[in-house]
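> Structure: protein_0.txt, compact mmCIF, C-alpha atoms and all ligand atoms.
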```
# COMPACT_ATOMS: atom_id res chain seq x y z
CA MET K 184 -10.25 -71.96 -96.14
CA SER K 185 -8.66 -70.02 -98.92
CA ASP K 186 -5.86 -71.73 -100.72
CA ALA K 187 -4.08 -71.28 -103.98
CA THR K 188 -3.90 -74.96 -104.70
CA ASN K 189 -1.17 -75.32 -107.29
CA GLY K 190 2.45 -74.31 -107.42
CA ALA K 191 4.06 -71.32 -109.16
CA PRO K 192 4.83 -70.22 -111.77
CA HIS K 193 1.36 -69.69 -113.18
CA ARG K 194 0.15 -68.52 -116.51
CA ALA K 195 -1.98 -65.37 -116.14
CA SER K 196 -5.45 -66.04 -117.57
CA GLY K 197 -6.00 -62.64 -119.21
CA VAL K 198 -9.75 -62.86 -118.60
CA SER K 199 -11.63 -62.56 -115.34
CA ARG K 200 -12.85 -65.93 -114.11
CA PHE K 201 -14.64 -65.50 -110.81
CA VAL K 202 -17.02 -68.45 -110.48
CA SER K 203 -19.50 -68.90 -107.64
CA PHE K 204 -21.13 -72.21 -106.75
CA GLU K 205 -24.68 -71.80 -105.47
CA GLY K 206 -27.63 -73.91 -104.40
CA ILE K 207 -29.35 -75.19 -101.28
CA ASP K 208 -27.58 -77.38 -98.71
CA GLY K 209 -26.82 -80.74 -100.23
CA ALA K 210 -27.27 -79.57 -103.84
CA GLY K 211 -23.78 -80.73 -104.91
CA LYS K 212 -21.55 -77.63 -104.78
CA SER K 213 -18.67 -79.20 -102.85
CA THR K 214 -18.84 -82.36 -104.93
CA HIS K 215 -17.91 -80.46 -108.09
CA ILE K 216 -15.70 -77.57 -107.03
CA ASP K 217 -12.49 -79.64 -106.86
CA ALA K 218 -12.91 -81.06 -110.35
CA VAL K 219 -13.43 -77.57 -111.75
CA ALA K 220 -10.30 -76.41 -109.89
CA GLN K 221 -8.26 -79.26 -111.32
CA ARG K 222 -9.47 -78.52 -114.84
CA TRP K 223 -7.88 -75.07 -114.71
CA GLN K 224 -4.81 -76.17 -112.76
CA ARG K 225 -4.08 -78.62 -115.55
CA ALA K 226 -4.21 -75.68 -117.95
CA GLY K 227 -1.47 -73.98 -115.89
CA LEU K 228 -3.64 -71.37 -114.20
CA GLU K 229 -3.53 -70.43 -110.54
CA VAL K 230 -6.78 -71.44 -108.89
CA VAL K 231 -7.99 -69.94 -105.61
CA ARG K 232 -10.68 -72.13 -104.07
CA THR K 233 -12.57 -70.40 -101.31
CA ARG K 234 -15.97 -70.14 -99.64
CA GLU K 235 -18.52 -67.86 -98.00
CA PRO K 236 -19.18 -66.91 -95.38
CA GLY K 237 -15.45 -67.23 -94.77
CA GLY K 238 -12.29 -67.32 -96.83
CA THR K 239 -10.12 -65.24 -94.46
CA PRO K 240 -9.26 -65.78 -90.78
CA LEU K 241 -11.61 -62.97 -89.73
CA ALA K 242 -14.41 -64.07 -92.04
CA GLU K 243 -14.10 -67.67 -90.85
CA ARG K 244 -14.62 -66.47 -87.27
CA LEU K 245 -17.69 -64.55 -88.38
CA ARG K 246 -18.89 -67.70 -90.16
CA GLU K 247 -18.76 -69.68 -86.93
CA MET K 248 -20.96 -67.09 -85.24
CA VAL K 249 -23.45 -66.92 -88.08
CA LEU K 250 -23.79 -70.69 -88.40
CA HIS K 251 -24.02 -71.56 -84.72
CA GLU K 252 -25.26 -68.61 -82.63
CA PRO K 253 -28.82 -67.32 -82.55
CA MET K 254 -29.10 -63.69 -83.68
CA ASP K 255 -31.58 -61.31 -85.23
CA PRO K 256 -31.78 -61.11 -89.04
CA LEU K 257 -30.15 -57.68 -89.37
CA THR K 258 -27.19 -58.74 -87.21
CA GLU K 259 -26.86 -61.85 -89.36
CA ALA K 260 -26.93 -59.87 -92.61
CA LEU K 261 -24.38 -57.35 -91.32
CA LEU K 262 -21.98 -60.10 -90.20
CA ILE K 263 -22.26 -61.89 -93.52
CA PHE K 264 -21.55 -58.73 -95.49
CA ALA K 265 -18.72 -57.79 -93.10
CA ALA K 266 -17.17 -61.20 -93.79
CA ARG K 267 -17.70 -60.65 -97.53
CA ARG K 268 -15.95 -57.27 -97.42
CA ASP K 269 -12.88 -58.79 -95.77
CA HIS K 270 -12.92 -61.73 -98.18
CA LEU K 271 -13.12 -59.46 -101.22
CA GLN K 272 -10.33 -57.19 -100.04
CA GLN K 273 -7.95 -59.83 -98.72
CA VAL K 274 -8.46 -62.69 -101.16
CA ILE K 275 -10.78 -62.27 -104.14
CA GLU K 276 -9.70 -58.91 -105.56
CA PRO K 277 -5.94 -59.59 -105.23
CA ALA K 278 -6.40 -63.02 -106.83
CA LEU K 279 -8.37 -61.65 -109.79
CA ALA K 280 -5.84 -58.82 -110.19
CA ARG K 281 -3.00 -61.31 -110.64
CA GLY K 282 -5.01 -63.36 -113.13
CA ALA K 283 -6.02 -66.26 -110.91
CA VAL K 284 -9.25 -68.19 -111.31
CA VAL K 285 -11.41 -67.78 -108.19
CA LEU K 286 -13.86 -70.54 -107.29
CA CYS K 287 -16.14 -69.56 -104.44
CA ASP K 288 -18.51 -71.94 -102.64
CA ARG K 289 -21.45 -69.51 -102.20
CA PHE K 290 -21.41 -65.71 -102.62
CA THR K 291 -23.97 -62.89 -102.49
CA ASP K 292 -26.74 -64.80 -104.26
CA ALA K 293 -26.81 -67.07 -101.20
CA THR K 294 -27.46 -64.06 -98.96
CA PHE K 295 -30.43 -63.03 -101.08
CA ALA K 296 -31.69 -66.61 -101.26
CA TYR K 297 -31.23 -67.56 -97.56
CA GLN K 298 -31.54 -64.33 -95.58
CA GLY K 299 -33.87 -62.66 -98.08
CA HIS K 300 -36.20 -65.28 -99.52
CA GLY K 301 -35.64 -67.96 -96.86
CA ARG K 302 -35.91 -65.80 -93.75
CA GLY K 303 -37.93 -62.98 -95.27
CA PHE K 304 -35.31 -60.29 -94.65
CA ASP K 305 -35.73 -57.03 -96.58
CA LEU K 306 -34.36 -57.55 -100.12
CA GLY K 307 -33.97 -53.80 -100.62
CA LEU K 308 -31.70 -53.53 -97.61
CA LEU K 309 -29.64 -56.50 -98.82
CA ALA K 310 -29.25 -54.69 -102.15
CA VAL K 311 -27.95 -51.61 -100.31
CA LEU K 312 -25.39 -53.73 -98.44
CA GLU K 313 -24.46 -55.43 -101.71
CA ARG K 314 -23.69 -52.06 -103.29
CA TRP K 315 -21.71 -50.85 -100.27
CA VAL K 316 -19.64 -53.97 -99.89
CA GLN K 317 -19.07 -55.01 -103.50
CA GLN K 318 -18.48 -51.60 -105.08
CA GLY K 319 -14.98 -51.48 -106.54
CA PRO K 320 -13.01 -49.19 -108.85
CA SER K 321 -14.56 -50.80 -111.94
CA GLY K 322 -18.15 -51.13 -110.73
CA LEU K 323 -20.09 -53.64 -108.69
CA ARG K 324 -18.06 -56.82 -108.20
CA GLN K 325 -20.06 -59.92 -109.01
CA PRO K 326 -19.00 -63.39 -110.13
CA ASP K 327 -18.37 -63.70 -113.86
CA LEU K 328 -20.29 -66.98 -113.75
CA THR K 329 -22.63 -68.45 -111.17
CA LEU K 330 -23.25 -72.19 -111.32
CA TRP K 331 -26.64 -72.72 -109.68
CA PHE K 332 -27.06 -76.34 -108.58
CA ASP K 333 -30.81 -76.74 -108.70
CA LEU K 334 -32.26 -79.70 -106.82
CA PRO K 335 -35.65 -80.27 -105.14
CA ALA K 336 -35.41 -79.66 -101.39
CA ALA K 337 -36.58 -83.19 -100.54
CA VAL K 338 -33.85 -84.79 -102.68
CA ALA K 339 -31.15 -82.58 -101.18
CA ALA K 340 -32.32 -83.43 -97.66
CA GLN K 341 -32.23 -87.13 -98.49
CA ARG K 342 -28.67 -86.84 -99.81
CA LEU K 343 -27.60 -85.05 -96.64
CA VAL K 344 -29.20 -87.48 -94.20
CA GLN K 345 -26.09 -89.60 -93.88
CA ALA K 346 -23.55 -86.91 -94.73
CA ARG K 347 -23.24 -85.02 -91.42
CA ALA K 348 -24.85 -83.34 -88.40
CA PRO K 349 -27.00 -80.36 -89.40
CA ASP K 350 -25.99 -76.74 -88.62
CA ARG K 351 -28.37 -73.87 -87.86
CA PHE K 352 -29.42 -73.54 -91.54
CA GLU K 353 -29.65 -77.24 -92.32
CA ARG K 354 -32.15 -77.72 -89.49
CA GLN K 355 -34.69 -75.60 -91.38
CA ASP K 356 -37.74 -77.35 -92.81
CA GLU K 357 -38.43 -78.16 -96.44
CA ALA K 358 -40.62 -75.07 -96.95
CA PHE K 359 -37.64 -72.91 -95.99
CA PHE K 360 -35.45 -74.54 -98.63
CA GLN K 361 -38.24 -74.23 -101.18
CA ARG K 362 -38.20 -70.47 -100.57
CA VAL K 363 -34.41 -70.45 -100.90
CA ILE K 364 -34.74 -72.21 -104.28
CA GLU K 365 -37.24 -69.55 -105.38
CA GLY K 366 -34.71 -66.94 -104.26
CA TYR K 367 -32.05 -68.45 -106.50
CA ARG K 368 -34.56 -68.60 -109.33
CA ALA K 369 -35.37 -64.89 -108.93
CA ARG K 370 -31.67 -63.97 -108.93
CA SER K 371 -31.02 -66.10 -112.01
CA GLU K 372 -33.95 -64.54 -113.88
CA ALA K 373 -32.67 -61.07 -113.02
CA GLU K 374 -29.19 -61.90 -114.35
CA PRO K 375 -29.53 -64.69 -116.91
CA ALA K 376 -26.15 -63.97 -118.54
CA ARG K 377 -24.29 -64.54 -115.28
CA PHE K 378 -26.25 -67.60 -114.13
CA ALA K 379 -26.06 -71.14 -115.45
CA ARG K 380 -28.65 -73.51 -114.00
CA ILE K 381 -27.30 -77.00 -113.42
CA ASP K 382 -29.81 -79.84 -113.08
CA SER K 383 -28.32 -81.43 -110.00
CA SER K 384 -30.86 -84.27 -109.84
CA GLN K 385 -28.79 -86.16 -112.41
CA PRO K 386 -25.94 -88.55 -111.50
CA VAL K 387 -22.60 -86.96 -110.57
CA GLU K 388 -20.98 -87.65 -113.96
CA ALA K 389 -23.90 -86.09 -115.85
CA VAL K 390 -23.78 -83.02 -113.61
CA ALA K 391 -20.04 -82.72 -114.29
CA ALA K 392 -20.76 -82.90 -118.02
CA GLN K 393 -23.30 -80.06 -117.73
CA ILE K 394 -20.70 -77.92 -115.97
CA GLU K 395 -18.11 -78.68 -118.65
CA ARG K 396 -20.59 -77.61 -121.36
CA VAL K 397 -21.23 -74.30 -119.59
CA LEU K 398 -17.49 -73.59 -119.30
CA ALA K 399 -16.86 -74.61 -122.90
CA GLN K 400 -19.71 -72.36 -124.11
CA ARG K 401 -17.85 -69.43 -122.59
CA GLY K 402 -14.64 -70.47 -124.28
CA TRP K 403 -13.13 -71.23 -120.89
N1 LIG T 1 -25.47 -85.99 -108.48
C1 LIG T 1 -25.51 -86.59 -107.28
N2 LIG T 1 -26.20 -87.72 -107.11
C2 LIG T 1 -26.25 -88.32 -105.88
N3 LIG T 1 -25.62 -87.86 -104.78
C3 LIG T 1 -24.92 -86.73 -104.90
C4 LIG T 1 -24.82 -86.03 -106.14
N4 LIG T 1 -24.05 -84.93 -105.97
C5 LIG T 1 -23.70 -84.94 -104.68
N5 LIG T 1 -24.20 -86.01 -104.03
C6 LIG T 1 -24.05 -86.32 -102.59
O1 LIG T 1 -24.92 -85.46 -101.91
C7 LIG T 1 -24.35 -84.99 -100.70
C8 LIG T 1 -24.32 -83.47 -100.71
O2 LIG T 1 -23.45 -83.02 -101.75
P1 LIG T 1 -22.46 -81.78 -101.49
O3 LIG T 1 -21.78 -81.90 -100.18
O4 LIG T 1 -21.62 -81.63 -102.70
O5 LIG T 1 -23.54 -80.61 -101.43
P2 LIG T 1 -23.30 -79.07 -101.09
O6 LIG T 1 -24.08 -78.32 -102.09
O7 LIG T 1 -21.85 -78.79 -101.00
O8 LIG T 1 -23.99 -78.94 -99.67
P3 LIG T 1 -23.69 -77.86 -98.50
O9 LIG T 1 -24.26 -76.57 -98.96
O10 LIG T 1 -24.47 -78.39 -97.34
O11 LIG T 1 -22.20 -77.83 -98.28
C9 LIG T 1 -22.97 -85.62 -100.62
O12 LIG T 1 -23.05 -86.73 -99.78
C10 LIG T 1 -22.68 -86.03 -102.06
O13 LIG T 1 -21.83 -87.15 -102.12
MG MG T 2 -20.66 -77.97 -99.47
```
Now, as a test, write the supplied structure out as structure tokens.
Ligand SMILES: Nc1ncnc2c1ncn2[C@@H]1O[C@H](COP(=O)(O)OP(=O)(O)OP(=O)(O)O)[C@@H](O)[C@H]1O
Ligand SMILES: [Mg+2]

Amino acid sequence: MSDATNGAPHRASGVSRFVSFEGIDGAGKSTHIDAVAQRWQRAGLEVVRTREPGGTPLAERLREMVLHEPMDPLTEALLIFAARRDHLQQVIEPALARGAVVLCDRFTDATFAYQGHGRGFDLGLLAVLERWVQQGPSGLRQPDLTLWFDLPAAVAAQRLVQARAPDRFERQDEAFFQRVIEGYRARSEAEPARFARIDSSQPVEAVAAQIERVLAQRGW
């Protein structure tokens, strides 16, 4: 599901704009990613809109397994990071190198929040995999900005009720999602410069305005 969604020629951005969209299921990530893409397309930039797990043919196949087949937590973590490696090499790094904006629906923070805090998988081991998989020539690759859509688990569940059939993660109970939220909070406190918390309990237009303020604050 990786697509450069506007036509050539593009103006190279000159700055790295790798933006991840994070938050629990139903928090509002998909609702806002297109508008953010259009904002930069209007400015003449190439925008690559992608997602994790996934973003390449191989990673999308791994996604199907992770979302729908029962497996032990280490297998799950390894598949997610394998998908991430392929995604970085095939899509994200080449896009950033040519000056494109990359908008990614979930990235590594989701692995820490879901597999780590949600499922209780070893955070130290996830950090090892993070270093292995995201190490590049100029250091550890992370998003330049992470928009964290923060919403109480009960509200998100309510919003999702009519949206679609639940997958393996969405069938988890509210306590699971509460732990995932705490995982995002821990990641955001560890890297406050990278994270922007978006209060997703507000109406869609107000959430969009918060996002615009965050982008404007960065001069983007
Ligand atoms: N601010 C809002 N107020 C009310 N409803 C909203 C708001 N933002 C999104 N929604 C609705 O909530 C539902 C979930 O939103 P969305 O699909 O964007 O969440 P998501 O974070 O992408 O979830 P997932 O991780 O499951 O893909 C959708 O039906 C959407 O229309
Ligand atoms: Mg979504």
> List as an MDAnalysis selection string the protein and nucleic acid residues lying within 9 Å of ligand MG 2 (chain T), with only C-alpha atoms and all ligand atoms counted.
chainID K and resid 208:214 288:289
> Quick one: contact table of chain K to ligand LIG 1 (chain T), 8 Å max, nearest atom pair and distance in Å to one decimal per residue, counting only C-alpha atoms and all ligand atoms, chain and number order, as JSON lines?

```
{"residue": "K:Glu205", "atom": "CA", "partner": "T:LIG1", "partner_atom": "O6", "distance": 7.4}
{"residue": "K:Gly206", "atom": "CA", "partner": "T:LIG1", "partner_atom": "O6", "distance": 6.1}
{"residue": "K:Ile207", "atom": "CA", "partner": "T:LIG1", "partner_atom": "O9", "distance": 5.8}
{"residue": "K:Asp208", "atom": "CA", "partner": "T:LIG1", "partner_atom": "O9", "distance": 3.4}
{"residue": "K:Gly209", "atom": "CA", "partner": "T:LIG1", "partner_atom": "O8", "distance": 3.4}
{"residue": "K:Ala210", "atom": "CA", "partner": "T:LIG1", "partner_atom": "O6", "distance": 3.8}
{"residue": "K:Gly211", "atom": "CA", "partner": "T:LIG1", "partner_atom": "O4", "distance": 3.2}
{"residue": "K:Lys212", "atom": "CA", "partner": "T:LIG1", "partner_atom": "O6", "distance": 3.8}
{"residue": "K:Ser213", "atom": "CA", "partner": "T:LIG1", "partner_atom": "O7", "distance": 3.7}
{"residue": "K:Thr214", "atom": "CA", "partner": "T:LIG1", "partner_atom": "O4", "distance": 3.6}
{"residue": "K:His215", "atom": "CA", "partner": "T:LIG1", "partner_atom": "O4", "distance": 6.6}
{"residue": "K:Asp288", "atom": "CA", "partner": "T:LIG1", "partner_atom": "O7", "distance": 7.8}
{"residue": "K:Phe332", "atom": "CA", "partner": "T:LIG1", "partner_atom": "O6", "distance": 7.4}
{"residue": "K:Ala339", "atom": "CA", "partner": "T:LIG1", "partner_atom": "O1", "distance": 6.9}
{"residue": "K:Arg342", "atom": "CA", "partner": "T:LIG1", "partner_atom": "O1", "distance": 4.5}
{"residue": "K:Leu343", "atom": "CA", "partner": "T:LIG1", "partner_atom": "C7", "distance": 5.2}
{"residue": "K:Gln345", "atom": "CA", "partner": "T:LIG1", "partner_atom": "O12", "distance": 7.2}
{"residue": "K:Ala346", "atom": "CA", "partner": "T:LIG1", "partner_atom": "O12", "distance": 5.1}
{"residue": "K:Glu353", "atom": "CA", "partner": "T:LIG1", "partner_atom": "O10", "distance": 7.3}
{"residue": "K:Ser383", "atom": "CA", "partner": "T:LIG1", "partner_atom": "N1", "distance": 5.6}
{"residue": "K:Ser384", "atom": "CA", "partner": "T:LIG1", "partner_atom": "N1", "distance": 5.8}
{"residue": "K:Gln385", "atom": "CA", "partner": "T:LIG1", "partner_atom": "N1", "distance": 5.1}
{"residue": "K:Pro386", "atom": "CA", "partner": "T:LIG1", "partner_atom": "N1", "distance": 4.0}
{"residue": "K:Val387", "atom": "CA", "partner": "T:LIG1", "partner_atom": "N1", "distance": 3.7}
{"residue": "K:Glu388", "atom": "CA", "partner": "T:LIG1", "partner_atom": "N1", "distance": 7.3}
{"residue": "K:Ala389", "atom": "CA", "partner": "T:LIG1", "partner_atom": "N1", "distance": 7.5}
{"residue": "K:Val390", "atom": "CA", "partner": "T:LIG1", "partner_atom": "N1", "distance": 6.2}
```
> What is the atom CA of K:Thr291-atom CA of K:Val219 distance in Å, reported with one decimal?
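Between these atoms lies a distance of 20.3 Å.
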> Which is closer to K:Glu357 than all the others in K:Ala369, K:Gly301, K:Asp327, K:Pro320, using all atoms listed in the file?
K:Gly301
> Just checking: using all atoms listed in the file, which residue out of K:Gln298, K:Thr233, K:Thr258, K:Gln400 ends up closest to K:Leu271?
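Of all the options, K:Thr233 lies closest to K:Leu271.
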> Separation of atom CA of K:Val316 and atom CA of K:Ala280, in Å?
17.9 Å
> Determine the nearest neighbour of K:Arg370 from the options K:Ala358, K:Tyr297, K:Pro335, K:Asp292, counting only C-alpha atoms.
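That would be K:Asp292, the residue with the smallest distance to K:Arg370.
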> Which one is closest to K:Arg281: K:Gly227, K:Gly197, K:Gly366, K:Gly319? Count all atoms listed in the file.
K:Gly197
> Which residue gives the smallest distance to K:Gln273 among K:Val338, K:Met248, K:Ala242, K:Val311, with only C-alpha atoms counted?
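When distances to K:Gln273 are compared using only C-alpha atoms, the smallest one comes from K:Ala242.
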